[in-house]
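**Student:** Just model.pdb, nothing more (PDB, C-alpha atoms and all ligand atoms):
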```
ATOM      1  CA  MET A 117      13.706  10.892  36.581  1.00  0.00           C
ATOM      2  CA  THR A 118      14.601   9.406  33.216  1.00  0.00           C
ATOM      3  CA  GLN A 119      13.910   5.709  33.636  1.00  0.00           C
ATOM      4  CA  GLY A 120      11.226   4.006  31.568  1.00  0.00           C
ATOM      5  CA  VAL A 121       7.680   3.705  32.798  1.00  0.00           C
ATOM      6  CA  VAL A 122       5.372   0.730  33.053  1.00  0.00           C
ATOM      7  CA  VAL A 123       3.221  -0.188  30.101  1.00  0.00           C
ATOM      8  CA  GLY A 124       0.697  -2.849  29.178  1.00  0.00           C
ATOM      9  CA  GLU A 125      -0.598  -5.105  31.950  1.00  0.00           C
ATOM     10  CA  GLU A 126       0.413  -2.860  34.815  1.00  0.00           C
ATOM     11  CA  SER A 127      -1.142   0.268  33.397  1.00  0.00           C
ATOM     12  CA  ALA A 128      -4.445  -1.613  33.213  1.00  0.00           C
ATOM     13  CA  ARG A 129      -4.777  -0.664  36.887  1.00  0.00           C
ATOM     14  CA  LEU A 130      -5.123   2.991  35.931  1.00  0.00           C
ATOM     15  CA  ILE A 131      -8.772   4.049  36.067  1.00  0.00           C
ATOM     16  CA  THR A 132      -9.635   7.519  34.855  1.00  0.00           C
ATOM     17  CA  PHE A 133     -12.721   9.559  35.755  1.00  0.00           C
ATOM     18  CA  GLU A 134     -13.986  11.837  33.004  1.00  0.00           C
ATOM     19  CA  GLY A 135     -16.839  14.137  32.092  1.00  0.00           C
ATOM     20  CA  VAL A 136     -17.937  17.773  32.043  1.00  0.00           C
ATOM     21  CA  ASP A 137     -17.291  20.085  35.004  1.00  0.00           C
ATOM     22  CA  GLY A 138     -19.620  19.267  37.858  1.00  0.00           C
ATOM     23  CA  CYS A 139     -20.731  15.834  36.610  1.00  0.00           C
ATOM     24  CA  GLY A 140     -19.645  14.119  39.849  1.00  0.00           C
ATOM     25  CA  LYS A 141     -16.168  12.770  39.042  1.00  0.00           C
ATOM     26  CA  SER A 142     -14.495  13.701  42.324  1.00  0.00           C
ATOM     27  CA  THR A 143     -17.460  12.517  44.392  1.00  0.00           C
ATOM     28  CA  GLN A 144     -17.453   9.146  42.669  1.00  0.00           C
ATOM     29  CA  LEU A 145     -13.683   8.796  42.711  1.00  0.00           C
ATOM     30  CA  ARG A 146     -13.684   9.223  46.493  1.00  0.00           C
ATOM     31  CA  LEU A 147     -16.404   6.593  46.916  1.00  0.00           C
ATOM     32  CA  ALA A 148     -14.716   4.138  44.535  1.00  0.00           C
ATOM     33  CA  ALA A 149     -11.426   4.514  46.406  1.00  0.00           C
ATOM     34  CA  GLU A 150     -13.164   3.797  49.707  1.00  0.00           C
ATOM     35  CA  ARG A 151     -14.804   0.747  48.204  1.00  0.00           C
ATOM     36  CA  LEU A 152     -11.577  -0.645  46.762  1.00  0.00           C
ATOM     37  CA  ARG A 153      -9.697  -0.035  50.015  1.00  0.00           C
ATOM     38  CA  ALA A 154     -12.441  -1.760  51.965  1.00  0.00           C
ATOM     39  CA  ALA A 155     -11.934  -4.738  49.635  1.00  0.00           C
ATOM     40  CA  GLY A 156      -8.248  -4.789  50.640  1.00  0.00           C
ATOM     41  CA  GLU A 157      -6.866  -3.220  47.462  1.00  0.00           C
ATOM     42  CA  ALA A 158      -3.982  -0.710  47.452  1.00  0.00           C
ATOM     43  CA  VAL A 159      -5.279   2.538  45.946  1.00  0.00           C
ATOM     44  CA  VAL A 160      -3.691   5.833  44.993  1.00  0.00           C
ATOM     45  CA  THR A 161      -6.020   8.719  44.211  1.00  0.00           C
ATOM     46  CA  THR A 162      -4.796  11.560  42.082  1.00  0.00           C
ATOM     47  CA  PHE A 163      -5.953  14.258  39.672  1.00  0.00           C
ATOM     48  CA  GLU A 164      -5.005  16.485  36.755  1.00  0.00           C
ATOM     49  CA  PRO A 165      -3.829  19.085  36.395  1.00  0.00           C
ATOM     50  CA  GLY A 166      -1.602  19.735  39.364  1.00  0.00           C
ATOM     51  CA  ASP A 167      -0.745  16.715  41.488  1.00  0.00           C
ATOM     52  CA  THR A 168       3.030  17.167  41.469  1.00  0.00           C
ATOM     53  CA  ALA A 169       5.179  20.074  42.692  1.00  0.00           C
ATOM     54  CA  LEU A 170       5.671  21.311  39.116  1.00  0.00           C
ATOM     55  CA  GLY A 171       2.032  20.530  38.353  1.00  0.00           C
ATOM     56  CA  ARG A 172       0.795  22.776  41.150  1.00  0.00           C
ATOM     57  CA  GLU A 173       2.540  25.709  39.467  1.00  0.00           C
ATOM     58  CA  LEU A 174       1.215  24.689  36.047  1.00  0.00           C
ATOM     59  CA  ARG A 175      -2.304  24.382  37.467  1.00  0.00           C
ATOM     60  CA  ARG A 176      -2.108  27.864  38.925  1.00  0.00           C
ATOM     61  CA  LEU A 177      -0.856  29.281  35.619  1.00  0.00           C
ATOM     62  CA  LEU A 178      -3.527  27.417  33.661  1.00  0.00           C
ATOM     63  CA  LEU A 179      -6.603  27.887  35.798  1.00  0.00           C
ATOM     64  CA  ASP A 180      -6.292  30.969  38.014  1.00  0.00           C
ATOM     65  CA  GLY A 181      -7.218  33.314  35.202  1.00  0.00           C
ATOM     66  CA  GLU A 182      -4.255  35.666  35.672  1.00  0.00           C
ATOM     67  CA  PHE A 183      -2.882  34.441  32.328  1.00  0.00           C
ATOM     68  CA  VAL A 184      -4.869  33.428  29.268  1.00  0.00           C
ATOM     69  CA  PRO A 185      -2.692  31.099  27.192  1.00  0.00           C
ATOM     70  CA  VAL A 186      -3.270  30.779  23.466  1.00  0.00           C
ATOM     71  CA  PRO A 187      -4.870  27.386  22.689  1.00  0.00           C
ATOM     72  CA  GLU A 188      -1.587  25.880  21.499  1.00  0.00           C
ATOM     73  CA  ALA A 189       0.214  26.908  24.703  1.00  0.00           C
ATOM     74  CA  GLU A 190      -2.695  25.702  26.826  1.00  0.00           C
ATOM     75  CA  LEU A 191      -2.536  22.250  25.201  1.00  0.00           C
ATOM     76  CA  LEU A 192       1.209  21.965  25.687  1.00  0.00           C
ATOM     77  CA  LEU A 193       1.044  23.052  29.334  1.00  0.00           C
ATOM     78  CA  PHE A 194      -1.626  20.433  30.101  1.00  0.00           C
ATOM     79  CA  LEU A 195       0.538  17.813  28.366  1.00  0.00           C
ATOM     80  CA  ALA A 196       3.578  18.932  30.363  1.00  0.00           C
ATOM     81  CA  ASP A 197       1.574  18.460  33.555  1.00  0.00           C
ATOM     82  CA  ARG A 198       0.609  14.952  32.406  1.00  0.00           C
ATOM     83  CA  ALA A 199       4.134  13.794  31.596  1.00  0.00           C
ATOM     84  CA  GLN A 200       5.355  15.001  34.993  1.00  0.00           C
ATOM     85  CA  HIS A 201       2.390  13.340  36.678  1.00  0.00           C
ATOM     86  CA  VAL A 202       2.831   9.998  34.911  1.00  0.00           C
ATOM     87  CA  ARG A 203       6.531   9.744  35.656  1.00  0.00           C
ATOM     88  CA  GLU A 204       6.399  11.140  39.187  1.00  0.00           C
ATOM     89  CA  VAL A 205       3.159   9.685  40.548  1.00  0.00           C
ATOM     90  CA  ILE A 206       1.196   7.306  38.332  1.00  0.00           C
ATOM     91  CA  ALA A 207       3.916   5.010  36.998  1.00  0.00           C
ATOM     92  CA  SER A 208       5.495   4.358  40.368  1.00  0.00           C
ATOM     93  CA  ALA A 209       2.117   3.618  41.976  1.00  0.00           C
ATOM     94  CA  LEU A 210       1.275   1.162  39.171  1.00  0.00           C
ATOM     95  CA  ALA A 211       4.685  -0.459  39.514  1.00  0.00           C
ATOM     96  CA  ARG A 212       3.936  -1.058  43.214  1.00  0.00           C
ATOM     97  CA  GLY A 213       0.749  -2.845  42.166  1.00  0.00           C
ATOM     98  CA  ALA A 214      -1.665  -0.149  43.362  1.00  0.00           C
ATOM     99  CA  TRP A 215      -4.859   0.845  41.609  1.00  0.00           C
ATOM    100  CA  VAL A 216      -4.566   4.428  40.460  1.00  0.00           C
ATOM    101  CA  LEU A 217      -7.786   6.415  40.320  1.00  0.00           C
ATOM    102  CA  CYS A 218      -7.151   9.601  38.357  1.00  0.00           C
ATOM    103  CA  ASP A 219      -9.556  12.544  38.169  1.00  0.00           C
ATOM    104  CA  ARG A 220      -9.229  13.574  34.475  1.00  0.00           C
ATOM    105  CA  TYR A 221      -6.615  12.377  31.973  1.00  0.00           C
ATOM    106  CA  SER A 222      -6.137  12.419  28.200  1.00  0.00           C
ATOM    107  CA  ASP A 223      -9.851  12.332  27.366  1.00  0.00           C
ATOM    108  CA  SER A 224     -10.202  15.697  29.095  1.00  0.00           C
ATOM    109  CA  THR A 225      -7.336  17.061  27.008  1.00  0.00           C
ATOM    110  CA  LEU A 226      -9.081  15.870  23.864  1.00  0.00           C
ATOM    111  CA  ALA A 227     -12.394  17.341  24.971  1.00  0.00           C
ATOM    112  CA  TYR A 228     -11.239  20.693  26.375  1.00  0.00           C
ATOM    113  CA  GLN A 229      -7.932  21.615  24.770  1.00  0.00           C
ATOM    114  CA  LEU A 230      -8.637  20.116  21.343  1.00  0.00           C
ATOM    115  CA  ALA A 231     -12.365  19.765  20.600  1.00  0.00           C
ATOM    116  CA  ALA A 232     -13.699  22.714  22.593  1.00  0.00           C
ATOM    117  CA  ARG A 233     -10.836  24.990  21.480  1.00  0.00           C
ATOM    118  CA  GLN A 234     -11.408  23.740  17.944  1.00  0.00           C
ATOM    119  CA  LEU A 235      -7.759  22.797  17.535  1.00  0.00           C
ATOM    120  CA  ALA A 236      -8.454  19.260  16.382  1.00  0.00           C
ATOM    121  CA  ASP A 237      -8.878  20.213  12.737  1.00  0.00           C
ATOM    122  CA  GLN A 238      -5.400  21.620  12.532  1.00  0.00           C
ATOM    123  CA  GLN A 239      -2.593  19.577  11.080  1.00  0.00           C
ATOM    124  CA  ILE A 240      -1.220  18.424  14.399  1.00  0.00           C
ATOM    125  CA  PRO A 241      -0.026  14.905  15.223  1.00  0.00           C
ATOM    126  CA  LEU A 242      -2.728  14.602  17.832  1.00  0.00           C
ATOM    127  CA  HIS A 243      -2.336  11.013  18.961  1.00  0.00           C
ATOM    128  CA  ALA A 244       1.436  11.180  18.840  1.00  0.00           C
ATOM    129  CA  LEU A 245       1.305  14.193  21.171  1.00  0.00           C
ATOM    130  CA  LEU A 246      -1.094  12.525  23.600  1.00  0.00           C
ATOM    131  CA  ASN A 247       0.925   9.293  23.624  1.00  0.00           C
ATOM    132  CA  PHE A 248       4.123  11.202  24.202  1.00  0.00           C
ATOM    133  CA  ALA A 249       2.685  12.957  27.255  1.00  0.00           C
ATOM    134  CA  GLU A 250       1.254   9.683  28.615  1.00  0.00           C
ATOM    135  CA  CYS A 251       4.733   8.086  28.498  1.00  0.00           C
ATOM    136  CA  GLY A 252       3.041   4.871  27.372  1.00  0.00           C
ATOM    137  CA  VAL A 253       0.595   4.719  30.297  1.00  0.00           C
ATOM    138  CA  ARG A 254      -2.961   4.201  29.001  1.00  0.00           C
ATOM    139  CA  PRO A 255      -5.904   3.636  31.342  1.00  0.00           C
ATOM    140  CA  GLY A 256      -7.324   0.128  31.544  1.00  0.00           C
ATOM    141  CA  LEU A 257     -10.728   1.624  32.198  1.00  0.00           C
ATOM    142  CA  THR A 258     -12.220   5.082  31.840  1.00  0.00           C
ATOM    143  CA  LEU A 259     -15.477   5.985  33.538  1.00  0.00           C
ATOM    144  CA  TRP A 260     -17.362   8.685  31.655  1.00  0.00           C
ATOM    145  CA  PHE A 261     -19.970  10.378  33.825  1.00  0.00           C
ATOM    146  CA  ASP A 262     -22.604  11.416  31.340  1.00  0.00           C
ATOM    147  CA  LEU A 263     -24.561  14.446  32.504  1.00  0.00           C
ATOM    148  CA  SER A 264     -25.993  17.334  30.503  1.00  0.00           C
ATOM    149  CA  VAL A 265     -24.083  20.588  30.643  1.00  0.00           C
ATOM    150  CA  GLU A 266     -27.162  22.275  32.153  1.00  0.00           C
ATOM    151  CA  GLN A 267     -27.476  19.781  35.012  1.00  0.00           C
ATOM    152  CA  ALA A 268     -23.751  19.868  35.684  1.00  0.00           C
ATOM    153  CA  ALA A 269     -23.836  23.673  35.769  1.00  0.00           C
ATOM    154  CA  ALA A 270     -26.678  23.581  38.297  1.00  0.00           C
ATOM    155  CA  ARG A 271     -24.593  21.295  40.547  1.00  0.00           C
ATOM    156  CA  MET A 272     -21.631  23.634  40.193  1.00  0.00           C
ATOM    157  CA  ARG A 273     -23.749  26.647  41.175  1.00  0.00           C
ATOM    158  CA  GLN A 274     -24.801  24.789  44.290  1.00  0.00           C
ATOM    159  CA  ARG A 275     -21.206  23.888  45.050  1.00  0.00           C
ATOM    160  CA  GLU A 276     -20.105  27.515  44.523  1.00  0.00           C
ATOM    161  CA  SER A 277     -22.733  28.712  46.962  1.00  0.00           C
ATOM    162  CA  SER A 278     -20.941  26.579  49.557  1.00  0.00           C
ATOM    163  CA  GLY A 279     -17.655  28.375  48.853  1.00  0.00           C
ATOM    164  CA  GLU A 280     -15.747  26.605  46.023  1.00  0.00           C
ATOM    165  CA  ALA A 281     -14.463  29.125  43.456  1.00  0.00           C
ATOM    166  CA  PRO A 282     -14.838  28.438  39.706  1.00  0.00           C
ATOM    167  CA  THR A 283     -11.697  28.140  37.530  1.00  0.00           C
ATOM    168  CA  ARG A 284     -10.873  29.942  34.272  1.00  0.00           C
ATOM    169  CA  LEU A 285     -12.228  26.964  32.289  1.00  0.00           C
ATOM    170  CA  ASP A 286     -15.438  26.760  34.337  1.00  0.00           C
ATOM    171  CA  ASP A 287     -16.092  30.345  33.243  1.00  0.00           C
ATOM    172  CA  GLU A 288     -16.042  29.530  29.526  1.00  0.00           C
ATOM    173  CA  GLN A 289     -19.247  30.158  27.583  1.00  0.00           C
ATOM    174  CA  ALA A 290     -21.998  27.560  27.137  1.00  0.00           C
ATOM    175  CA  ALA A 291     -20.978  26.642  23.574  1.00  0.00           C
ATOM    176  CA  PHE A 292     -17.529  25.670  24.845  1.00  0.00           C
ATOM    177  CA  HIS A 293     -19.016  23.306  27.425  1.00  0.00           C
ATOM    178  CA  GLN A 294     -21.379  21.839  24.811  1.00  0.00           C
ATOM    179  CA  ARG A 295     -18.393  21.022  22.607  1.00  0.00           C
ATOM    180  CA  VAL A 296     -16.705  19.391  25.626  1.00  0.00           C
ATOM    181  CA  ALA A 297     -19.785  17.236  26.282  1.00  0.00           C
ATOM    182  CA  ALA A 298     -20.079  16.254  22.609  1.00  0.00           C
ATOM    183  CA  ALA A 299     -16.419  15.269  22.535  1.00  0.00           C
ATOM    184  CA  PHE A 300     -16.801  12.926  25.523  1.00  0.00           C
ATOM    185  CA  ALA A 301     -19.767  11.260  23.825  1.00  0.00           C
ATOM    186  CA  GLN A 302     -17.767  10.867  20.639  1.00  0.00           C
ATOM    187  CA  GLN A 303     -14.820   9.334  22.484  1.00  0.00           C
ATOM    188  CA  TRP A 304     -17.112   6.819  24.173  1.00  0.00           C
ATOM    189  CA  GLN A 305     -18.518   5.834  20.783  1.00  0.00           C
ATOM    190  CA  ALA A 306     -15.032   5.463  19.366  1.00  0.00           C
ATOM    191  CA  GLU A 307     -13.634   3.395  22.267  1.00  0.00           C
ATOM    192  CA  PRO A 308     -16.449   1.511  24.006  1.00  0.00           C
ATOM    193  CA  GLU A 309     -14.011  -1.194  25.168  1.00  0.00           C
ATOM    194  CA  ARG A 310     -12.033   1.237  27.283  1.00  0.00           C
ATOM    195  CA  ILE A 311     -14.698   3.784  28.172  1.00  0.00           C
ATOM    196  CA  ALA A 312     -17.714   2.843  30.302  1.00  0.00           C
ATOM    197  CA  ARG A 313     -20.614   5.288  30.148  1.00  0.00           C
ATOM    198  CA  ILE A 314     -22.150   5.956  33.543  1.00  0.00           C
ATOM    199  CA  ASP A 315     -25.504   7.737  33.742  1.00  0.00           C
ATOM    200  CA  ALA A 316     -24.622  10.523  36.173  1.00  0.00           C
ATOM    201  CA  ASP A 317     -28.174  11.919  36.386  1.00  0.00           C
ATOM    202  CA  ARG A 318     -29.052   9.781  39.397  1.00  0.00           C
ATOM    203  CA  PRO A 319     -28.553   9.986  43.151  1.00  0.00           C
ATOM    204  CA  ILE A 320     -24.938   9.673  44.316  1.00  0.00           C
ATOM    205  CA  ALA A 321     -25.429   6.186  45.806  1.00  0.00           C
ATOM    206  CA  ASP A 322     -26.994   4.851  42.598  1.00  0.00           C
ATOM    207  CA  VAL A 323     -24.197   6.252  40.455  1.00  0.00           C
ATOM    208  CA  HIS A 324     -21.735   4.624  42.865  1.00  0.00           C
ATOM    209  CA  GLY A 325     -23.526   1.301  42.387  1.00  0.00           C
ATOM    210  CA  ASP A 326     -23.075   1.624  38.623  1.00  0.00           C
ATOM    211  CA  VAL A 327     -19.397   2.472  39.086  1.00  0.00           C
ATOM    212  CA  CYS A 328     -18.924  -0.683  41.163  1.00  0.00           C
ATOM    213  CA  ALA A 329     -20.760  -2.727  38.537  1.00  0.00           C
ATOM    214  CA  ALA A 330     -18.500  -1.312  35.817  1.00  0.00           C
ATOM    215  CA  LEU A 331     -15.399  -2.076  37.883  1.00  0.00           C
ATOM    216  CA  ALA A 332     -16.556  -5.619  38.548  1.00  0.00           C
ATOM    217  CA  ARG A 333     -17.539  -6.197  34.932  1.00  0.00           C
ATOM    218  CA  ARG A 334     -14.405  -4.840  33.360  1.00  0.00           C
ATOM    219  CA  LEU A 335     -11.711  -5.682  35.878  1.00  0.00           C
ATOM    220  CA  PRO A 336     -10.711  -8.741  37.917  1.00  0.00           C
ATOM    221  CA  LEU A 337     -12.370  -7.326  40.982  1.00  0.00           C
ATOM    222  CA  SER A 338     -15.063  -9.644  42.289  1.00  0.00           C
ATOM    223  CA  ALA A 339     -14.763  -7.922  45.691  1.00  0.00           C
ATOM    224  CA  VAL A 340     -16.468  -4.804  44.344  1.00  0.00           C
ATOM    225  CA  ALA A 341     -19.318  -6.506  42.551  1.00  0.00           C
ATOM    226  CA  ALA A 342     -22.495  -4.451  42.811  1.00  0.00           C
ATOM    227  CA  GLN A 343     -24.528  -5.224  45.927  1.00  0.00           C
TER     228      GLN A 343
HETATM  229  N1  LIG B 401     -25.333  12.185  41.670  1.00  0.00           N
HETATM  230  C1  LIG B 401     -25.374  13.414  42.192  1.00  0.00           C
HETATM  231  N2  LIG B 401     -26.538  14.029  42.421  1.00  0.00           N
HETATM  232  C2  LIG B 401     -26.578  15.283  42.926  1.00  0.00           C
HETATM  233  N3  LIG B 401     -25.496  16.019  43.250  1.00  0.00           N
HETATM  234  C3  LIG B 401     -24.291  15.464  43.026  1.00  0.00           C
HETATM  235  C4  LIG B 401     -24.153  14.147  42.481  1.00  0.00           C
HETATM  236  N4  LIG B 401     -22.845  13.854  42.382  1.00  0.00           N
HETATM  237  C5  LIG B 401     -22.188  14.956  42.821  1.00  0.00           C
HETATM  238  N5  LIG B 401     -23.039  15.914  43.225  1.00  0.00           N
HETATM  239  C6  LIG B 401     -22.718  17.252  43.737  1.00  0.00           C
HETATM  240  O1  LIG B 401     -22.442  18.053  42.568  1.00  0.00           O
HETATM  241  C7  LIG B 401     -21.316  18.892  42.798  1.00  0.00           C
HETATM  242  C8  LIG B 401     -20.253  18.531  41.762  1.00  0.00           C
HETATM  243  O2  LIG B 401     -19.749  17.224  42.047  1.00  0.00           O
HETATM  244  P1  LIG B 401     -18.205  16.923  41.932  1.00  0.00           P
HETATM  245  O3  LIG B 401     -17.394  17.994  42.591  1.00  0.00           O
HETATM  246  O4  LIG B 401     -17.982  15.521  42.344  1.00  0.00           O
HETATM  247  O5  LIG B 401     -18.044  17.043  40.331  1.00  0.00           O
HETATM  248  P2  LIG B 401     -16.747  17.068  39.451  1.00  0.00           P
HETATM  249  O6  LIG B 401     -17.105  16.344  38.208  1.00  0.00           O
HETATM  250  O7  LIG B 401     -15.579  16.584  40.219  1.00  0.00           O
HETATM  251  O8  LIG B 401     -16.582  18.619  39.144  1.00  0.00           O
HETATM  252  P3  LIG B 401     -15.278  19.388  38.591  1.00  0.00           P
HETATM  253  O9  LIG B 401     -15.144  18.989  37.155  1.00  0.00           O
HETATM  254  O10 LIG B 401     -15.636  20.829  38.698  1.00  0.00           O
HETATM  255  O11 LIG B 401     -14.133  18.995  39.454  1.00  0.00           O
HETATM  256  C9  LIG B 401     -20.875  18.649  44.242  1.00  0.00           C
HETATM  257  O12 LIG B 401     -21.452  19.649  45.049  1.00  0.00           O
HETATM  258  C10 LIG B 401     -21.451  17.270  44.569  1.00  0.00           C
HETATM  259  O13 LIG B 401     -21.724  17.109  45.932  1.00  0.00           O
HETATM  260 MG    MG B 402     -13.751  17.480  40.675  1.00  0.00          MG
END
```
Using structure tokens, write down the structure from this file.
Ligand SMILES: Nc1ncnc2c1ncn2[C@@H]1O[C@H](COP(=O)(O)OP(=O)(O)OP(=O)(O)O)[C@@H](O)[C@H]1O
Ligand SMILES: [Mg+2]

**Tutor:**
Amino acid sequence: MTQGVVVGEESARLITFEGVDGCGKSTQLRLAAERLRAAGEAVVTTFEPGDTALGRELRRLLLDGEFVPVPEAELLLFLADRAQHVREVIASALARGAWVLCDRYSDSTLAYQLAARQLADQQIPLHALLNFAECGVRPGLTLWFDLSVEQAAARMRQRESSGEAPTRLDDEQAAFHQRVAAAFAQQWQAEPERIARIDADRPIADVHGDVCAALARRLPLSAVAAQ
């Protein structure tokens, strides 16, 4: 698959869901997709890492814990997953005119693989690398679910007690997760036009209401205006 990918206007329909582990991204993505579909919109839901055939293998290598990549290798494997994902899944969905709701994207790479691994200070062409992996596809809107690391961890413990296993990154120490959280806050401050902060420390239905309000405010989507 070597053809070019969509850029500009069309990629504005890419909405990414970001935040620390356990902040409610997947819950809210599912609800937003339902809402958009109910409004008659075409929607593709997807996630990173791992939503292609190659990506599933990369996800296993990255998250199972059998291998512990050095930070540089970890960054490059996440970027490899993204390029495959953009060209195989995201770009074609955008070209069909669908909304693409993606659970994690480049902001997670910045937060986890760069800030939390403390790679960002190195002399690496950070934005060139991220742009290369995105193949020109930037989200029109990013929803950042702002929740403290402690509250998110409590939600994850509850989720684990109902059977969902933690990944290698979930098991990182508290300082790692604090650096992740700080990086998301910093990205929001740097790009408030693209990133909408959502207070995630509220009941699921209320957070969903704020998501709908953000969608309606930032996108041509009167059908999802907050009720
Ligand atoms: N607003 C909320 N209030 C209370 N519990 C919530 C809320 N939103 C989600 N949860 C619960 O918290 C847990 C984590 O939510 P969810 O899986 O959506 O988070 P996530 O950000 O996708 O996590 P991960 O990064 O690990 O994929 C789930 O058990 C979910 O039901
Ligand atoms: Mg999730």

**Student:** Could you expand the PyMOL selection byres (((chain A and resi 315) around 9) and not hetatm) into the explicit residues it covers here, written as number ranges by chain?

**Tutor:** A: 260-263, 313-314, 316-318, 323, 326

**Student:** Here's the selection I'm unsure about, the PyMOL selection byres (((chain A and resi 194) around 9) and not hetatm); applied to the file above, which residues does it give, as an MDAnalysis selection string?

**Tutor:** chainID A and resid 164:165 174:175 178 189:193 195:199 225 229

**Student:** Around all listed atoms of segment 269-277 of chain A, padded 5 Å per side, what centre and edge lengths does the axis-aligned box have in Å to one decimal, as lines of an AutoDock Vina configuration file?

**Tutor:**
```
center_x = -23.4
center_y = 25.0
center_z = 41.4
size_x = 16.6
size_y = 17.4
size_z = 21.2
```

**Student:** With distances taken over only C-alpha atoms, which of A:Ser264, A:Ser127, A:Thr283, A:Thr168 is nearest to Gln200 of chain A?

**Tutor:** A:Thr168

**Student:** By how many Å are atom CA of Leu217 of chain A and atom CA of Met272 of chain A apart?

**Tutor:**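 Answer for the atom CA of Leu217 of chain A to atom CA of Met272 of chain A separation: 22.1 Å.
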
**Student:** 7 Å from ligand LIG 401 (chain B) is the threshold here; counting all atoms listed in the file, which polymer residues fall inside it? Answer as a PyMOL selection string.

**Tutor:** chain A and resi 135-144+271-272+274-275+316-320+323

**Student:** Return as a PDB file with C-alpha atoms, in the frame of the given file the set of residues that the PyMOL selection byres (((chain A and resi 150) around 12) and not hetatm) yields on the displayed structure.

**Tutor:**
```
ATOM      1  CA  THR A 143     -17.460  12.517  44.392  1.00  0.00           C
ATOM      2  CA  GLN A 144     -17.453   9.146  42.669  1.00  0.00           C
ATOM      3  CA  LEU A 145     -13.683   8.796  42.711  1.00  0.00           C
ATOM      4  CA  ARG A 146     -13.684   9.223  46.493  1.00  0.00           C
ATOM      5  CA  LEU A 147     -16.404   6.593  46.916  1.00  0.00           C
ATOM      6  CA  ALA A 148     -14.716   4.138  44.535  1.00  0.00           C
ATOM      7  CA  ALA A 149     -11.426   4.514  46.406  1.00  0.00           C
ATOM      8  CA  ARG A 151     -14.804   0.747  48.204  1.00  0.00           C
ATOM      9  CA  LEU A 152     -11.577  -0.645  46.762  1.00  0.00           C
ATOM     10  CA  ARG A 153      -9.697  -0.035  50.015  1.00  0.00           C
ATOM     11  CA  ALA A 154     -12.441  -1.760  51.965  1.00  0.00           C
ATOM     12  CA  ALA A 155     -11.934  -4.738  49.635  1.00  0.00           C
ATOM     13  CA  GLY A 156      -8.248  -4.789  50.640  1.00  0.00           C
ATOM     14  CA  GLU A 157      -6.866  -3.220  47.462  1.00  0.00           C
ATOM     15  CA  ALA A 158      -3.982  -0.710  47.452  1.00  0.00           C
ATOM     16  CA  VAL A 159      -5.279   2.538  45.946  1.00  0.00           C
ATOM     17  CA  VAL A 160      -3.691   5.833  44.993  1.00  0.00           C
ATOM     18  CA  THR A 161      -6.020   8.719  44.211  1.00  0.00           C
ATOM     19  CA  TRP A 215      -4.859   0.845  41.609  1.00  0.00           C
ATOM     20  CA  LEU A 217      -7.786   6.415  40.320  1.00  0.00           C
ATOM     21  CA  HIS A 324     -21.735   4.624  42.865  1.00  0.00           C
ATOM     22  CA  CYS A 328     -18.924  -0.683  41.163  1.00  0.00           C
ATOM     23  CA  VAL A 340     -16.468  -4.804  44.344  1.00  0.00           C
TER      24      VAL A 340
END
```

**Student:** Which value, in Å to one decimal, gives the distance between atom CA of Gly279 of chain A and atom CA of Ala169 of chain A?

**Tutor:**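 If I compute the distance from atom CA of Gly279 of chain A to atom CA of Ala169 of chain A, I get 25.1 Å.
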
**Student:** Would you pick out the contacts of Cys251 of chain A at 8 Å or less, using all atoms listed in the file, so that residues sharing its chain but fewer than 6 positions from it are not included, and give the list as a list in words?

**Tutor:**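 In the requested form, the answer reads Val121, Ala199, Val202 and Arg203 of chain A.
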
**Student:** Which one of A:Val205, A:Ala227, A:Leu242, A:Ala268 sits closest to ligand MG 402 (chain B) if you count all atoms listed in the file?

**Tutor:** A:Ala268

**Student:** Go ahead and compute the interatomic distance for atom CA of Ala299 of chain A and atom CA of Ala231 of chain A, in Å to one decimal.

**Tutor:**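 Between these atoms lies a distance of 6.4 Å.
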
**Student:** Hey, which of A:Ala290, A:Asp219, A:Ser208, A:Ile131 ends up closest to ligand MG 402 (chain B)? Count all atoms listed in the file.

**Tutor:** A:Asp219

**Student:** With distances taken over only C-alpha atoms and all ligand atoms, which residue among A:Ala281, A:Arg212, A:Phe248, A:Arg254 lies nearest ligand MG 402 (chain B)?

**Tutor:**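 Looking only at the distances to ligand MG 402 (chain B), the closest residue turns out to be A:Ala281.
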
**Student:** Measuring atom to atom with all atoms listed in the file, identify which of A:Pro185, A:Pro282, A:Gly325, A:Gly256 is nearest to ligand MG 402 (chain B).

**Tutor:**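 Looking only at the distances to ligand MG 402 (chain B), the closest residue turns out to be A:Pro282.
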
**Student:** Choose the residue, out of A:Glu309, A:Glu250, A:Glu266, A:Asp286, that has the smallest atom-to-atom separation from ligand MG 402 (chain B); count all atoms listed in the file.

**Tutor:** A:Asp286

**Student:** Within 8 Å of Thr258 of chain A, counting all atoms listed in the file, which residues show up once you throw out same-chain ones fewer than 2 positions away? Write them as a ChimeraX atom specification, please.

**Tutor:** /A:131-134,255-256,260,310-312
